[in-house]
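Below is the file target_9.txt, which contains compact mmCIF, C-alpha atoms.
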```txt
# COMPACT_ATOMS: atom_id res chain seq x y z
CA ARG A 1117 -17.40 -23.57 10.62
CA LYS A 1118 -15.35 -20.39 10.48
CA GLU A 1119 -12.02 -20.58 8.71
CA VAL A 1120 -10.18 -19.12 11.69
CA GLU A 1121 -11.67 -19.36 15.17
CA GLN A 1122 -10.62 -17.54 18.29
CA ASP A 1123 -12.07 -17.02 21.74
CA PRO A 1124 -13.24 -13.39 21.63
CA GLY A 1125 -12.54 -12.82 25.32
CA PRO A 1126 -12.08 -10.33 26.84
CA PHE A 1127 -9.22 -11.61 28.91
CA ASN A 1128 -8.80 -9.40 31.96
CA VAL A 1129 -5.39 -9.86 33.57
CA PRO A 1130 -3.25 -7.90 36.03
CA GLU A 1131 0.08 -6.43 35.06
CA GLY A 1132 2.81 -9.04 35.15
CA ALA A 1133 0.50 -11.95 34.40
CA THR A 1134 1.07 -14.56 31.74
CA VAL A 1135 -1.76 -15.02 29.28
CA ALA A 1136 -2.26 -17.46 26.42
CA PHE A 1137 -4.46 -17.17 23.35
CA ASN A 1138 -5.49 -20.03 21.14
CA CYS A 1139 -6.68 -20.23 17.58
CA THR A 1140 -7.79 -23.01 15.26
CA TYR A 1141 -8.01 -22.98 11.49
CA SER A 1142 -9.98 -25.18 9.15
CA ASN A 1143 -7.96 -25.25 5.93
CA SER A 1144 -5.19 -27.81 6.24
CA ALA A 1145 -3.55 -26.41 3.08
CA SER A 1146 -2.87 -23.07 4.74
CA GLN A 1147 0.71 -22.01 4.33
CA SER A 1148 1.61 -19.27 6.75
CA PHE A 1149 0.38 -18.12 10.10
CA PHE A 1150 0.60 -14.87 12.01
CA TRP A 1151 -0.49 -12.95 15.02
CA TYR A 1152 -1.50 -9.35 14.44
CA ARG A 1153 -2.36 -6.75 17.03
CA GLN A 1154 -5.15 -4.27 16.53
CA ASP A 1155 -5.75 -1.27 18.75
CA CYS A 1156 -9.20 0.26 18.94
CA ARG A 1157 -10.19 1.94 15.67
CA LYS A 1158 -6.76 1.38 14.17
CA GLU A 1159 -5.34 -0.84 11.47
CA PRO A 1160 -3.87 -4.28 12.34
CA LYS A 1161 -0.13 -4.48 12.79
CA LEU A 1162 1.99 -7.57 12.47
CA LEU A 1163 3.09 -8.87 15.85
CA MET A 1164 4.88 -12.00 14.75
CA SER A 1165 4.88 -14.86 12.30
CA VAL A 1166 4.28 -18.37 13.61
CA TYR A 1167 6.52 -21.28 12.72
CA SER A 1168 6.15 -24.99 13.39
CA SER A 1169 9.24 -24.99 15.53
CA GLY A 1170 7.83 -22.25 17.69
CA ASN A 1171 9.31 -18.81 17.89
CA GLU A 1172 9.88 -16.23 20.53
CA ASP A 1173 10.19 -12.46 20.40
CA GLY A 1174 10.87 -10.97 23.79
CA ARG A 1175 7.84 -11.60 25.99
CA PHE A 1176 5.88 -13.16 23.15
CA THR A 1177 6.00 -16.82 22.14
CA ALA A 1178 4.06 -18.27 19.23
CA GLN A 1179 3.49 -21.92 18.47
CA LEU A 1180 2.00 -23.80 15.55
CA ASN A 1181 0.67 -27.35 15.55
CA ARG A 1182 -0.12 -28.28 11.97
CA ALA A 1183 -1.48 -31.72 12.86
CA SER A 1184 -4.09 -30.19 15.14
CA GLN A 1185 -4.45 -27.01 13.05
CA TYR A 1186 -3.88 -24.99 16.15
CA ILE A 1187 -1.94 -21.79 16.81
CA SER A 1188 -1.10 -20.21 20.12
CA LEU A 1189 0.31 -16.97 21.46
CA LEU A 1190 1.78 -16.63 24.93
CA ILE A 1191 2.44 -13.25 26.50
CA ARG A 1192 4.59 -13.16 29.61
CA ASP A 1193 4.91 -10.33 32.10
CA SER A 1194 1.92 -8.46 30.67
CA LYS A 1195 2.18 -4.68 30.38
CA LEU A 1196 -0.61 -2.13 30.32
CA SER A 1197 0.42 -1.37 26.76
CA ASP A 1198 -0.36 -4.95 25.73
CA SER A 1199 -4.08 -4.15 26.00
CA ALA A 1200 -5.41 -4.64 22.48
CA THR A 1201 -7.15 -7.16 20.28
CA TYR A 1202 -4.97 -10.00 19.05
CA LEU A 1203 -5.85 -11.37 15.65
CA CYS A 1204 -4.96 -14.85 14.50
CA VAL A 1205 -4.29 -14.74 10.76
CA VAL A 1206 -3.87 -17.57 8.29
CA GLU A 1207 -2.56 -17.25 4.76
CA ASP A 1208 -4.14 -19.38 2.06
CA ALA A 1209 -2.26 -21.98 0.04
CA GLY A 1210 -1.65 -19.55 -2.80
CA PHE A 1211 0.20 -17.05 -0.58
CA GLN A 1212 -2.37 -14.49 -1.49
CA LYS A 1213 -5.25 -14.06 0.87
CA LEU A 1214 -5.02 -13.48 4.59
CA VAL A 1215 -7.95 -14.79 6.61
CA PHE A 1216 -8.49 -13.11 9.95
CA GLY A 1217 -9.99 -14.51 13.11
CA THR A 1218 -12.41 -12.34 15.04
CA GLY A 1219 -9.70 -11.47 17.51
CA THR A 1220 -9.21 -11.94 21.22
CA ARG A 1221 -9.43 -8.85 23.34
CA LEU A 1222 -6.87 -8.44 26.12
CA LEU A 1223 -7.25 -5.95 28.95
CA VAL A 1224 -4.27 -5.56 31.26
CA SER A 1225 -5.03 -3.69 34.45
CA PRO A 1226 -2.70 -2.09 37.03
CA GLY B 687 8.42 -1.34 7.52
CA ALA B 688 6.73 -0.21 4.37
CA VAL B 689 4.17 2.54 4.53
CA VAL B 690 0.69 2.35 3.14
CA SER B 691 -1.31 5.53 3.24
CA GLN B 692 -5.08 5.43 3.17
CA HIS B 693 -7.25 8.47 2.71
CA PRO B 694 -9.56 9.75 4.03
CA SER B 695 -9.33 8.45 7.58
CA TRP B 696 -12.99 9.18 8.12
CA VAL B 697 -15.89 10.36 6.05
CA ILE B 698 -19.54 11.11 6.64
CA CYS B 699 -21.78 11.13 3.62
CA LYS B 700 -25.45 11.29 2.78
CA SER B 701 -27.35 8.21 1.75
CA GLY B 702 -27.28 7.76 -2.02
CA THR B 703 -23.95 9.47 -2.61
CA SER B 704 -20.68 7.84 -3.60
CA VAL B 705 -17.46 7.83 -1.63
CA LYS B 706 -13.96 7.16 -2.92
CA ILE B 707 -11.24 5.78 -0.69
CA GLU B 708 -7.60 5.85 -1.77
CA CYS B 709 -4.83 3.48 -0.79
CA ARG B 710 -1.25 4.28 -1.69
CA SER B 711 1.92 2.30 -1.14
CA LEU B 712 4.55 4.93 -0.51
CA ASP B 713 7.83 3.06 -0.72
CA PHE B 714 7.24 -0.22 -2.52
CA GLN B 715 5.43 -1.58 -5.53
CA ALA B 716 2.17 -3.15 -4.50
CA THR B 717 1.38 -5.77 -7.11
CA THR B 718 -1.67 -6.78 -5.12
CA MET B 719 -3.97 -4.80 -2.90
CA PHE B 720 -6.69 -6.16 -0.69
CA TRP B 721 -9.75 -4.35 0.57
CA TYR B 722 -11.30 -5.35 3.89
CA ARG B 723 -14.34 -4.26 5.80
CA GLN B 724 -14.70 -4.51 9.56
CA PHE B 725 -17.95 -4.06 11.45
CA PRO B 726 -17.84 -3.37 15.19
CA LYS B 727 -16.57 -6.30 17.25
CA GLN B 728 -16.14 -8.39 14.13
CA SER B 729 -13.21 -9.65 12.15
CA LEU B 730 -11.72 -8.07 9.07
CA MET B 731 -13.63 -9.50 6.13
CA LEU B 732 -11.93 -9.56 2.76
CA MET B 733 -14.03 -7.82 0.15
CA ALA B 734 -11.84 -8.07 -2.91
CA THR B 735 -8.35 -8.64 -4.22
CA SER B 736 -6.98 -6.40 -6.93
CA ASN B 737 -3.90 -6.92 -9.04
CA GLU B 738 -2.35 -3.98 -10.82
CA GLY B 739 -3.84 -3.56 -14.27
CA SER B 740 -6.44 -6.29 -13.83
CA LYS B 741 -10.04 -6.48 -12.74
CA ALA B 742 -10.57 -7.08 -9.08
CA THR B 743 -11.63 -10.46 -7.74
CA TYR B 744 -14.54 -10.09 -5.36
CA GLU B 745 -15.37 -12.36 -2.46
CA GLN B 746 -18.69 -14.11 -2.39
CA GLY B 747 -21.50 -11.82 -1.36
CA VAL B 748 -19.69 -8.58 -2.23
CA GLU B 749 -21.40 -6.62 -5.00
CA LYS B 750 -18.85 -5.59 -7.60
CA ASP B 751 -21.12 -2.91 -9.03
CA LYS B 752 -21.50 -1.32 -5.63
CA PHE B 753 -17.88 -1.50 -4.53
CA LEU B 754 -15.82 -0.35 -7.49
CA ILE B 755 -12.13 -1.09 -7.26
CA ASN B 756 -9.47 0.39 -9.48
CA HIS B 757 -5.80 -0.58 -9.31
CA ALA B 758 -4.32 1.34 -12.20
CA SER B 759 -0.78 1.63 -10.90
CA LEU B 760 1.61 -0.23 -8.63
CA THR B 761 1.21 2.40 -5.96
CA LEU B 762 -2.47 3.28 -5.98
CA SER B 763 -5.75 1.46 -5.56
CA THR B 764 -9.13 3.04 -5.00
CA LEU B 765 -12.38 1.72 -3.60
CA THR B 766 -15.55 3.59 -4.49
CA VAL B 767 -18.67 2.86 -2.51
CA THR B 768 -21.47 3.79 -4.90
CA SER B 769 -24.92 4.85 -3.76
CA ALA B 770 -23.95 4.39 -0.15
CA HIS B 771 -26.57 3.43 2.41
CA PRO B 772 -26.45 3.38 6.20
CA GLU B 773 -25.73 -0.37 6.20
CA ASP B 774 -22.49 0.38 4.35
CA SER B 775 -21.23 2.28 7.37
CA SER B 776 -18.12 0.42 8.44
CA PHE B 777 -14.35 0.53 8.82
CA TYR B 778 -12.68 -0.06 5.45
CA ILE B 779 -9.00 -1.04 5.40
CA CYS B 780 -6.67 -1.66 2.51
CA SER B 781 -3.63 -3.88 2.53
CA ALA B 782 -0.76 -3.90 0.05
CA ARG B 783 1.69 -6.62 -0.83
CA ASN B 784 4.29 -7.31 -3.48
CA LEU B 785 3.59 -10.88 -4.53
CA GLU B 786 6.07 -11.06 -7.39
CA THR B 787 8.88 -12.20 -5.15
CA GLY B 788 7.17 -15.52 -4.41
CA GLY B 789 6.44 -17.19 -1.08
CA HIS B 790 5.15 -15.17 1.78
CA THR B 791 5.60 -11.43 1.84
CA GLU B 792 4.40 -9.16 4.59
CA ALA B 793 1.10 -7.38 4.18
CA PHE B 794 1.10 -3.70 5.07
CA PHE B 795 -2.12 -2.05 6.07
CA GLY B 796 -3.45 1.41 5.55
CA GLN B 797 -4.76 3.35 8.51
CA GLY B 798 -8.36 2.55 7.62
CA THR B 799 -11.32 4.70 6.68
CA ARG B 800 -14.31 5.00 8.94
CA LEU B 801 -17.35 5.54 6.73
CA THR B 802 -20.60 6.77 8.22
CA VAL B 803 -23.60 7.05 5.93
CA VAL B 804 -26.43 9.18 7.28
```
Before anything else, please render the file you have as structure tokens.
Amino acid sequence: RKEVEQDPGPFNVPEGATVAFNCTYSNSASQSFFWYRQDCRKEPKLLMSVYSSGNEDGRFTAQLNRASQYISLLIRDSKLSDSATYLCVVEDAGFQKLVFGTGTRLLVSP
Amino acid sequence: GAVVSQHPSWVICKSGTSVKIECRSLDFQATTMFWYRQFPKQSLMLMATSNEGSKATYEQGVEKDKFLINHASLTLSTLTVTSAHPEDSSFYICSARNLETGGHTEAFFGQGTRLTVV
């Protein structure tokens, strides 16, 4: 079983749509959780951290369920510029290594 | 956010030659640098973790004699792909963090190096 699993997609949605990505992780001792965004042939960039209480940043909402070892990302009112690959990332118990999921590709069309 | 500069952004080399990739943290002290490799449509796979002044810790399946990592200062780490072969063609990305502060600290990524071995 992979340490971090994501649906690779692609998710094809029209502008303005709401889309949700899910992620599961296998190591229950994992400490921190993140969503990164990666554009084609570019480096990943931090989108947001994920907290148990859930957190929101504009159109983006992230949620963590430690009991189920499940992380989600919700994007509301999708923009063309949201088209990218969204990487679910889990930090190990030692706050050292980041483990990346394979990413979920999002394509927002006009 | 902090800036991590990776160089070169792309390189084409002949099979059997060696290629050096540099990763510099420009405005913070990177106690720890991570080197990743990403094949098309795949996830970033951690190759090794290097702490300043120490030998790198390699992930299982990564040949330490082939992928030489040097982290001699708090602002510079290098990855040398020795005797490169076409199967080494990939996207190599470094990440820098300061782990002395404890707890989680953000990881900053270099721009990546696209290596093509012909």
Problem set entry | Point (-14.5, -0.2, -1.8) neighbourhood (8 Å, only C-alpha atoms) written as a PyMOL selection string | chain B and resi 706-707+721+733+753-755+764-767+778
Problem set entry | Radius query 7 Å about (-4.2, -21.6, -0.4), atoms used: all atoms listed in the file, as a count of residues only | 8
Problem set entry | All residues 10 Å or closer to Gln1122 of chain A, only C-alpha atoms, same chain fewer than 3 positions away omitted, as a VMD selection string | chain A and resid 1118 1125 1137 to 1141 1187 1202 to 1204 1216 to 1220
For this session: Just need the residues of chain B within 8 Å of chain A, counting all atoms listed in the file, so spit them out as an NGL selection string.
Result: :B and (727-732 or 779 or 785 or 789-790 or 794-798)
For this session: Pick out the residues sitting within 10 Å of Thr768 of chain B, and hand them over as a ChimeraX atom specification; count all atoms listed in the file, and ignore anything fewer than 5 positions along from it in its own chain.
Result: /B:701-706,751-754,774
Restricting the output to C-alpha atoms, write the selected residues as a PDB file, in the coordinates of the input.
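The resulting file, result-v7.pdb, is reproduced below:
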```pdb
ATOM      1  CA  SER B 701     -27.350   8.210   1.750  1.00  0.00           C
ATOM      2  CA  GLY B 702     -27.280   7.760  -2.020  1.00  0.00           C
ATOM      3  CA  THR B 703     -23.950   9.470  -2.610  1.00  0.00           C
ATOM      4  CA  SER B 704     -20.680   7.840  -3.600  1.00  0.00           C
ATOM      5  CA  VAL B 705     -17.460   7.830  -1.630  1.00  0.00           C
ATOM      6  CA  LYS B 706     -13.960   7.160  -2.920  1.00  0.00           C
ATOM      7  CA  ASP B 751     -21.120  -2.910  -9.030  1.00  0.00           C
ATOM      8  CA  LYS B 752     -21.500  -1.320  -5.630  1.00  0.00           C
ATOM      9  CA  PHE B 753     -17.880  -1.500  -4.530  1.00  0.00           C
ATOM     10  CA  LEU B 754     -15.820  -0.350  -7.490  1.00  0.00           C
ATOM     11  CA  ASP B 774     -22.490   0.380   4.350  1.00  0.00           C
TER      12      ASP B 774
END
```
Exercise. At what distance in Å, to one decimal, does atom CA of Val697 of chain B lie from atom CA of Leu712 of chain B?
Worked result: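 Distance between the two atoms: 22.1 Å.
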Exercise. In Å, how far is it from atom CA of Ser691 of chain B to atom CA of Pro772 of chain B?
Worked result: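 Answer for the atom CA of Ser691 of chain B to atom CA of Pro772 of chain B separation: 25.4 Å.
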For this session: Excluding Glu1131 of chain A and any residue of its chain fewer than 5 positions from it, enumerate the residues within 9 Å of it, using all atoms listed in the file, and give them as a PyMOL selection string.
Result: chain A and resi 1193-1196+1224-1226
Exercise. Please, what distance in Å, to one decimal, runs between atom CA of Gln1179 of chain A and atom CA of Ile1191 of chain A?
Worked result: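 Value for the atom CA of Gln1179 of chain A-atom CA of Ile1191 of chain A distance: 11.9 Å.
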Exercise. Quick one: residues within 10 Å of Ala742 of chain B, all atoms listed in the file counted, chain neighbours fewer than 6 positions away excluded, as number ranges by chain?
Worked result: B: 718-720, 733-736, 750, 754-757
Write out as a PDB file with C-alpha atoms, in the frame of the given file which residues come within 8 Å of Leu760 of chain B when counting all atoms listed in the file, dropping same-chain ones fewer than 4 positions away.
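Generated output (part_9.pdb):
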```pdb
ATOM      1  CA  SER B 711       1.920   2.300  -1.140  1.00  0.00           C
ATOM      2  CA  GLN B 715       5.430  -1.580  -5.530  1.00  0.00           C
ATOM      3  CA  ALA B 716       2.170  -3.150  -4.500  1.00  0.00           C
ATOM      4  CA  THR B 717       1.380  -5.770  -7.110  1.00  0.00           C
ATOM      5  CA  GLU B 738      -2.350  -3.980 -10.820  1.00  0.00           C
TER       6      GLU B 738
END
```
Could you write segment 1201-1225 of chain A of the block just shown to a file containing N, CA and C atoms, as a compact mmCIF listing (two decimals), in the first residue's frame?
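Output contents, as saved in result_28.txt:
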```txt
# COMPACT_ATOMS: atom_id res chain seq x y z
N THR A 1201 -1.86 20.25 -10.92
CA THR A 1201 -1.89 18.98 -10.19
C THR A 1201 -1.81 19.29 -8.71
N TYR A 1202 -2.69 18.71 -7.92
CA TYR A 1202 -2.75 18.98 -6.49
C TYR A 1202 -2.16 17.77 -5.76
N LEU A 1203 -1.14 18.05 -4.98
CA LEU A 1203 -0.40 17.00 -4.30
C LEU A 1203 -0.75 16.97 -2.82
N CYS A 1204 -1.14 15.81 -2.36
CA CYS A 1204 -1.38 15.60 -0.93
C CYS A 1204 -0.04 15.21 -0.32
N VAL A 1205 0.34 15.87 0.75
CA VAL A 1205 1.68 15.67 1.32
C VAL A 1205 1.56 15.42 2.82
N VAL A 1206 2.27 14.44 3.29
CA VAL A 1206 2.24 14.05 4.70
C VAL A 1206 3.65 14.11 5.26
N GLU A 1207 3.78 14.70 6.42
CA GLU A 1207 5.09 14.79 7.06
C GLU A 1207 5.22 13.67 8.08
N ASP A 1208 6.42 13.06 8.11
CA ASP A 1208 6.60 11.92 9.01
C ASP A 1208 6.66 12.37 10.47
N ALA A 1209 6.68 11.41 11.36
CA ALA A 1209 6.59 11.69 12.78
C ALA A 1209 7.78 12.50 13.28
N GLY A 1210 8.90 12.43 12.60
CA GLY A 1210 10.08 13.16 13.03
C GLY A 1210 10.17 14.57 12.50
N PHE A 1211 9.11 15.04 11.86
CA PHE A 1211 9.10 16.38 11.25
C PHE A 1211 10.25 16.55 10.27
N GLN A 1212 10.58 15.50 9.59
CA GLN A 1212 11.68 15.61 8.65
C GLN A 1212 11.22 15.41 7.22
N LYS A 1213 10.77 14.20 6.94
CA LYS A 1213 10.51 13.86 5.55
C LYS A 1213 9.07 14.19 5.16
N LEU A 1214 8.95 14.69 3.95
CA LEU A 1214 7.64 14.90 3.35
C LEU A 1214 7.40 13.77 2.36
N VAL A 1215 6.24 13.15 2.47
CA VAL A 1215 5.88 12.07 1.54
C VAL A 1215 4.76 12.58 0.65
N PHE A 1216 4.96 12.49 -0.64
CA PHE A 1216 4.03 13.05 -1.61
C PHE A 1216 3.12 11.97 -2.19
N GLY A 1217 1.87 12.32 -2.38
CA GLY A 1217 0.98 11.50 -3.17
C GLY A 1217 1.30 11.71 -4.64
N THR A 1218 0.69 10.92 -5.49
CA THR A 1218 0.96 11.03 -6.92
C THR A 1218 0.31 12.26 -7.54
N GLY A 1219 -0.60 12.87 -6.80
CA GLY A 1219 -1.23 14.08 -7.31
C GLY A 1219 -2.53 13.81 -8.03
N THR A 1220 -3.41 14.79 -7.96
CA THR A 1220 -4.68 14.75 -8.69
C THR A 1220 -4.68 15.91 -9.66
N ARG A 1221 -4.88 15.58 -10.92
CA ARG A 1221 -4.85 16.62 -11.94
C ARG A 1221 -6.23 17.24 -12.10
N LEU A 1222 -6.25 18.57 -12.09
CA LEU A 1222 -7.49 19.33 -12.27
C LEU A 1222 -7.41 20.14 -13.55
N LEU A 1223 -8.44 20.02 -14.37
CA LEU A 1223 -8.53 20.83 -15.58
C LEU A 1223 -9.83 21.62 -15.51
N VAL A 1224 -9.71 22.93 -15.47
CA VAL A 1224 -10.88 23.80 -15.43
C VAL A 1224 -11.05 24.41 -16.82
N SER A 1225 -12.22 24.23 -17.38
CA SER A 1225 -12.45 24.70 -18.74
C SER A 1225 -13.45 25.85 -18.75
```
